[in-house]
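Heads up: the structure comes next, in structure tokens.
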Amino acid sequence: MKKISRRLFLGSASIVGTGMALKPTSIWAGNRSLDSKPALLGGEKTITKSFPRWPIVDTTEEKALLDALRGSRWGRRVKDNAADNFENNYAKLLGANHCLTVNSGTSALFTIMGALNIGPGDEVILPVYTFIATYNAVVLHNALPIIVDIDPESFQIDPKKMEAAITKETKALMPVHIGGSPADLDSILEIGNRHNLPVIEDACQAHLAEWKGKKVGTFGIGGAFSFQESKNLNCGQGGAVTTNNRQFMDACVGFHHQGSILQDNPYAQGGIRGGNLRMTEFQASILNAQMTRLEQQAKTRSENATYLSRILNEIPGIAPAKLYPGTTNSAYHLYMFRYDSNYFAGMSRARFMEALSAEGAPCSGGYGQMEKTPRITSLPNNRHYIKIYGEKTMKDWLERIQCPQNAKVSGEIAVWFSQTVLLGSKTDMEQIAEAIRKIQKYAQEIKEAKI
Ligand SMILES: Cc1ncc(COP(=O)(O)O)c(C=O)c1O
């Protein structure tokens, strides 16, 4: 495969960024199966091989796990253990001064907010288009999650809406690098600086993603990573906090370990809290083994995704999610693109996804409307929230959540491939584009078929 230089990558990112209007000159002329019927209508599948299984493991993981099993300490109590090794290596890889392992990505977010002493009465701003854990971590502190809408081209939090949501109760801005692509960090950090608010990066999907050549998770006061089993770096369940601030790291260490923080730490001044959020040696050993493949896998995903974006951009009605110009690398935990039914005879997204999956390219519509789920709509009825904030504030809170862009993106537009699709070959990427072209060619028939 042709080596993808950073310049080429940025070039393709800016093409992607222009949305659906601009279609570059064709670099790929594959159309082998366009004449055969779509698989959904009984024709042959375009893609017959399956994509790589996840996780990828070999004897490296087996040995690491056995070493942990035979060691005298399974929990984390002494120095020079597997968790220490991982923290040192992950911090180094990210260019962060400090890394702390915890038992999940949710715990990483919870720890960061705990170290900032976020609690009842405080507001934290986050995007609507995210996994529910981002929201839950705020609610676990009995703070108010302020949910804002997204930029429909990138699916990332809209910084203007983020700024508009700031009140005197706001204590932190919490962008999410959704899909593994960086949110608009320059704008968000600038807003944070201007309002004197810490930025917490939810980088749970964004291992090794870069903004202007620097890894995400190193820009705000703290970055949160997840190592849950679907993630690009995986130990079943696990997480990490990264930061460049020594005193803040000490506060995180304290919060994740029963509040064992020195009282002269400035982050301890608001009152010390803590619990047990520590990682086990089993989790850390698997992470150390998985780390041996992380960079190569990230490179493969990045190259395949860049190529896929270029060829999908040639298809009218298909537009890869925009990458902001500061993006020098996406982690591509998800490959997200926009589907416009107007170019597919008005076929619903659900039918399009059914047809694409039948061609051998498994896909999904991604997140639904988080703001309409009972977890959120029932919060105003929670007796603790009523006690802390009052019924009126809680009623107003629900009304403040207005996310029309999310309704469109999650309801009609977004289509996702999982990261394992990007671990395939260049030919696989070409076949995905070919499958979509075939669906487009037969769109009317597929739409009308009684299946
Ligand atoms: C954006 C985001 N935030 C937070 C989390 C929580 O991570 P975990 O599942 O490890 O608790 C996830 C994981 O799925 C996530 O995707």
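Ordering of the structure tokens sets the chain letters (A, B, ...), residue numbers begin anew at 1 in every chain, and ligands are numbered from 1 in the order given.
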
Please return as a ChimeraX atom specification the residues found within 10 Å of ligand 1, counting only C-alpha atoms and all ligand atoms. /A:102-110,127,129-137,175-180,201-206,224-231,234-240,333

Where does range 385-418 of chain A meet range 337-352 of chain A within 12 Å, residue by residue, with the nearest atom pair and distance in Å to one decimal for each, counting only C-alpha atoms, listed by chain and rising number, as JSON lines?
{"residue": "A:Lys408", "atom": "CA", "partner": "A:Arg338", "partner_atom": "CA", "distance": 10.6}
{"residue": "A:Val409", "atom": "CA", "partner": "A:Arg338", "partner_atom": "CA", "distance": 7.9}
{"residue": "A:Ser410", "atom": "CA", "partner": "A:Arg338", "partner_atom": "CA", "distance": 10.1}
{"residue": "A:Gly411", "atom": "CA", "partner": "A:Arg349", "partner_atom": "CA", "distance": 8.5}
{"residue": "A:Glu412", "atom": "CA", "partner": "A:Arg349", "partner_atom": "CA", "distance": 5.9}
{"residue": "A:Ile413", "atom": "CA", "partner": "A:Tyr339", "partner_atom": "CA", "distance": 4.9}
{"residue": "A:Ala414", "atom": "CA", "partner": "A:Arg338", "partner_atom": "CA", "distance": 4.9}
{"residue": "A:Val415", "atom": "CA", "partner": "A:Phe337", "partner_atom": "CA", "distance": 5.4}
{"residue": "A:Trp416", "atom": "CA", "partner": "A:Phe337", "partner_atom": "CA", "distance": 6.5}
{"residue": "A:Phe417", "atom": "CA", "partner": "A:Phe337", "partner_atom": "CA", "distance": 8.7}
{"residue": "A:Ser418", "atom": "CA", "partner": "A:Phe337", "partner_atom": "CA", "distance": 11.7}

Apply DSSP to the structure's backbone, then extract all residues of range 107-181 of chain A labelled helix (DSSP H, G or I) and return them as a PDB file with N, CA and C atoms, in the first residue's frame.
ATOM      1  N   SER A 107     -14.572   4.968  35.415  1.00  0.00           N
ATOM      2  CA  SER A 107     -13.825   5.300  36.641  1.00  0.00           C
ATOM      3  C   SER A 107     -12.778   6.381  36.372  1.00  0.00           C
ATOM      4  N   ALA A 108     -12.211   6.389  35.168  1.00  0.00           N
ATOM      5  CA  ALA A 108     -11.224   7.421  34.840  1.00  0.00           C
ATOM      6  C   ALA A 108     -11.891   8.804  34.856  1.00  0.00           C
ATOM      7  N   LEU A 109     -13.069   8.898  34.232  1.00  0.00           N
ATOM      8  CA  LEU A 109     -13.808  10.175  34.238  1.00  0.00           C
ATOM      9  C   LEU A 109     -14.234  10.531  35.663  1.00  0.00           C
ATOM     10  N   PHE A 110     -14.693   9.530  36.397  1.00  0.00           N
ATOM     11  CA  PHE A 110     -15.152   9.728  37.778  1.00  0.00           C
ATOM     12  C   PHE A 110     -13.991  10.221  38.654  1.00  0.00           C
ATOM     13  N   THR A 111     -12.813   9.637  38.427  1.00  0.00           N
ATOM     14  CA  THR A 111     -11.626  10.021  39.197  1.00  0.00           C
ATOM     15  C   THR A 111     -11.228  11.470  38.892  1.00  0.00           C
ATOM     16  N   ILE A 112     -11.222  11.810  37.609  1.00  0.00           N
ATOM     17  CA  ILE A 112     -10.832  13.180  37.241  1.00  0.00           C
ATOM     18  C   ILE A 112     -11.775  14.182  37.913  1.00  0.00           C
ATOM     19  N   MET A 113     -13.077  13.897  37.844  1.00  0.00           N
ATOM     20  CA  MET A 113     -14.040  14.822  38.458  1.00  0.00           C
ATOM     21  C   MET A 113     -13.947  14.789  39.980  1.00  0.00           C
ATOM     22  N   GLY A 114     -13.633  13.621  40.534  1.00  0.00           N
ATOM     23  CA  GLY A 114     -13.446  13.510  41.985  1.00  0.00           C
ATOM     24  C   GLY A 114     -12.253  14.344  42.434  1.00  0.00           C
ATOM     25  N   ALA A 115     -11.163  14.286  41.658  1.00  0.00           N
ATOM     26  CA  ALA A 115      -9.968  15.058  42.006  1.00  0.00           C
ATOM     27  C   ALA A 115     -10.235  16.558  41.878  1.00  0.00           C
ATOM     28  N   ILE A 132     -23.156   6.627  27.072  1.00  0.00           N
ATOM     29  CA  ILE A 132     -23.837   7.106  28.283  1.00  0.00           C
ATOM     30  C   ILE A 132     -22.890   7.280  29.477  1.00  0.00           C
ATOM     31  N   ALA A 133     -21.741   6.598  29.457  1.00  0.00           N
ATOM     32  CA  ALA A 133     -20.797   6.681  30.582  1.00  0.00           C
ATOM     33  C   ALA A 133     -20.335   8.119  30.826  1.00  0.00           C
ATOM     34  N   THR A 134     -20.211   8.911  29.765  1.00  0.00           N
ATOM     35  CA  THR A 134     -19.750  10.299  29.934  1.00  0.00           C
ATOM     36  C   THR A 134     -20.731  11.037  30.848  1.00  0.00           C
ATOM     37  N   TYR A 135     -22.005  10.820  30.594  1.00  0.00           N
ATOM     38  CA  TYR A 135     -23.082  11.419  31.391  1.00  0.00           C
ATOM     39  C   TYR A 135     -23.112  10.806  32.794  1.00  0.00           C
ATOM     40  N   ASN A 136     -23.048   9.485  32.851  1.00  0.00           N
ATOM     41  CA  ASN A 136     -23.148   8.799  34.144  1.00  0.00           C
ATOM     42  C   ASN A 136     -22.055   9.234  35.125  1.00  0.00           C
ATOM     43  N   ALA A 137     -20.857   9.480  34.610  1.00  0.00           N
ATOM     44  CA  ALA A 137     -19.755   9.845  35.507  1.00  0.00           C
ATOM     45  C   ALA A 137     -20.056  11.167  36.221  1.00  0.00           C
ATOM     46  N   VAL A 138     -20.788  12.058  35.557  1.00  0.00           N
ATOM     47  CA  VAL A 138     -21.172  13.335  36.185  1.00  0.00           C
ATOM     48  C   VAL A 138     -22.242  13.079  37.247  1.00  0.00           C
ATOM     49  N   VAL A 139     -23.222  12.253  36.866  1.00  0.00           N
ATOM     50  CA  VAL A 139     -24.346  11.973  37.776  1.00  0.00           C
ATOM     51  C   VAL A 139     -23.857  11.234  39.033  1.00  0.00           C
ATOM     52  N   PRO A 159     -18.472  23.579  19.710  1.00  0.00           N
ATOM     53  CA  PRO A 159     -17.882  24.468  20.722  1.00  0.00           C
ATOM     54  C   PRO A 159     -18.731  25.710  20.991  1.00  0.00           C
ATOM     55  N   LYS A 160     -19.418  26.218  19.974  1.00  0.00           N
ATOM     56  CA  LYS A 160     -20.237  27.428  20.197  1.00  0.00           C
ATOM     57  C   LYS A 160     -21.372  27.119  21.166  1.00  0.00           C
ATOM     58  N   LYS A 161     -21.953  25.954  20.991  1.00  0.00           N
ATOM     59  CA  LYS A 161     -23.054  25.572  21.889  1.00  0.00           C
ATOM     60  C   LYS A 161     -22.514  25.278  23.289  1.00  0.00           C
ATOM     61  N   MET A 162     -21.307  24.786  23.321  1.00  0.00           N
ATOM     62  CA  MET A 162     -20.666  24.523  24.610  1.00  0.00           C
ATOM     63  C   MET A 162     -20.499  25.845  25.368  1.00  0.00           C
ATOM     64  N   GLU A 163     -20.002  26.845  24.669  1.00  0.00           N
ATOM     65  CA  GLU A 163     -19.783  28.134  25.334  1.00  0.00           C
ATOM     66  C   GLU A 163     -21.112  28.741  25.780  1.00  0.00           C
ATOM     67  N   ALA A 164     -22.123  28.612  24.915  1.00  0.00           N
ATOM     68  CA  ALA A 164     -23.438  29.187  25.248  1.00  0.00           C
ATOM     69  C   ALA A 164     -24.045  28.517  26.471  1.00  0.00           C
ATOM     70  N   ILE A 178     -15.100  11.691  19.895  1.00  0.00           N
ATOM     71  CA  ILE A 178     -15.975  10.568  19.555  1.00  0.00           C
ATOM     72  C   ILE A 178     -15.487   9.824  18.306  1.00  0.00           C
ATOM     73  N   GLY A 179     -15.590   8.527  18.358  1.00  0.00           N
ATOM     74  CA  GLY A 179     -15.108   7.694  17.258  1.00  0.00           C
ATOM     75  C   GLY A 179     -13.581   7.609  17.222  1.00  0.00           C
ATOM     76  N   GLY A 180     -12.936   8.321  18.153  1.00  0.00           N
ATOM     77  CA  GLY A 180     -11.470   8.340  18.155  1.00  0.00           C
ATOM     78  C   GLY A 180     -10.900   9.521  17.398  1.00  0.00           C
TER      79      GLY A 180
END

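Neighbours of range 306-309 of chain A closer than or equal to 7 Å, with only C-alpha atoms counted and sequence neighbours fewer than 2 positions away skipped, come out as Phe9, Ser12, Ser302, Glu303, Asn304, Ile311, Leu312, Asn313, Pro320 and Met429 of chain A.
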
Writing out the chosen residues with C-alpha atoms as a PDB file, in the first residue's frame:
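Saved the output as result_7.pdb:
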ATOM      1  CA  PHE A   9      -3.621  12.587   5.382  1.00  0.00           C
ATOM      2  CA  SER A  12      -7.841  14.034   2.614  1.00  0.00           C
ATOM      3  CA  SER A 302      -5.323   5.063   9.922  1.00  0.00           C
ATOM      4  CA  GLU A 303      -4.058   4.102   6.460  1.00  0.00           C
ATOM      5  CA  ASN A 304      -7.159   2.083   5.632  1.00  0.00           C
ATOM      6  CA  ILE A 311     -12.942   6.418  -2.241  1.00  0.00           C
ATOM      7  CA  LEU A 312     -16.184   6.979  -0.329  1.00  0.00           C
ATOM      8  CA  ASN A 313     -15.901  10.676  -1.071  1.00  0.00           C
ATOM      9  CA  PRO A 320     -17.032  10.502   5.862  1.00  0.00           C
ATOM     10  CA  MET A 429     -11.816  -0.978   1.624  1.00  0.00           C
TER      11      MET A 429
END

For a test of reading the model, state the distance in Å between CA of Asn232 in chain A and CA of Lys372 in chain A, rounded to one decimal.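 Value for the CA of Asn232 in chain A-CA of Lys372 in chain A distance: 28.9 Å.
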
Enumerate the residues of range 102-289 of chain A with a DSSP assignment of strand (DSSP E), computed from the backbone, and present them as a ChimeraX atom specification. /A:102,123-127,144-148,170-173,200-202,210-211,214-215,222-226,239-243

Nearest to Arg53 in chain A: which of A:Pro266, A:Gly424, A:Gly192, A:Gly223 is it, counting only C-alpha atoms? A:Gly424

For Gln269 in chain A, which residue among A:Ala82, A:Ala251, A:Ala284, A:Ile125 is the nearest when counting only C-alpha atoms?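 Smallest separation from Gln269 in chain A among the options: A:Ala251.
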
Counting only C-alpha atoms, figure out which residue out of A:Asn288, A:Gln431, A:Thr242, A:Asn97 gets nearest to Leu65 in chain A.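 Closest to Leu65 in chain A, using only C-alpha atoms: A:Asn288.
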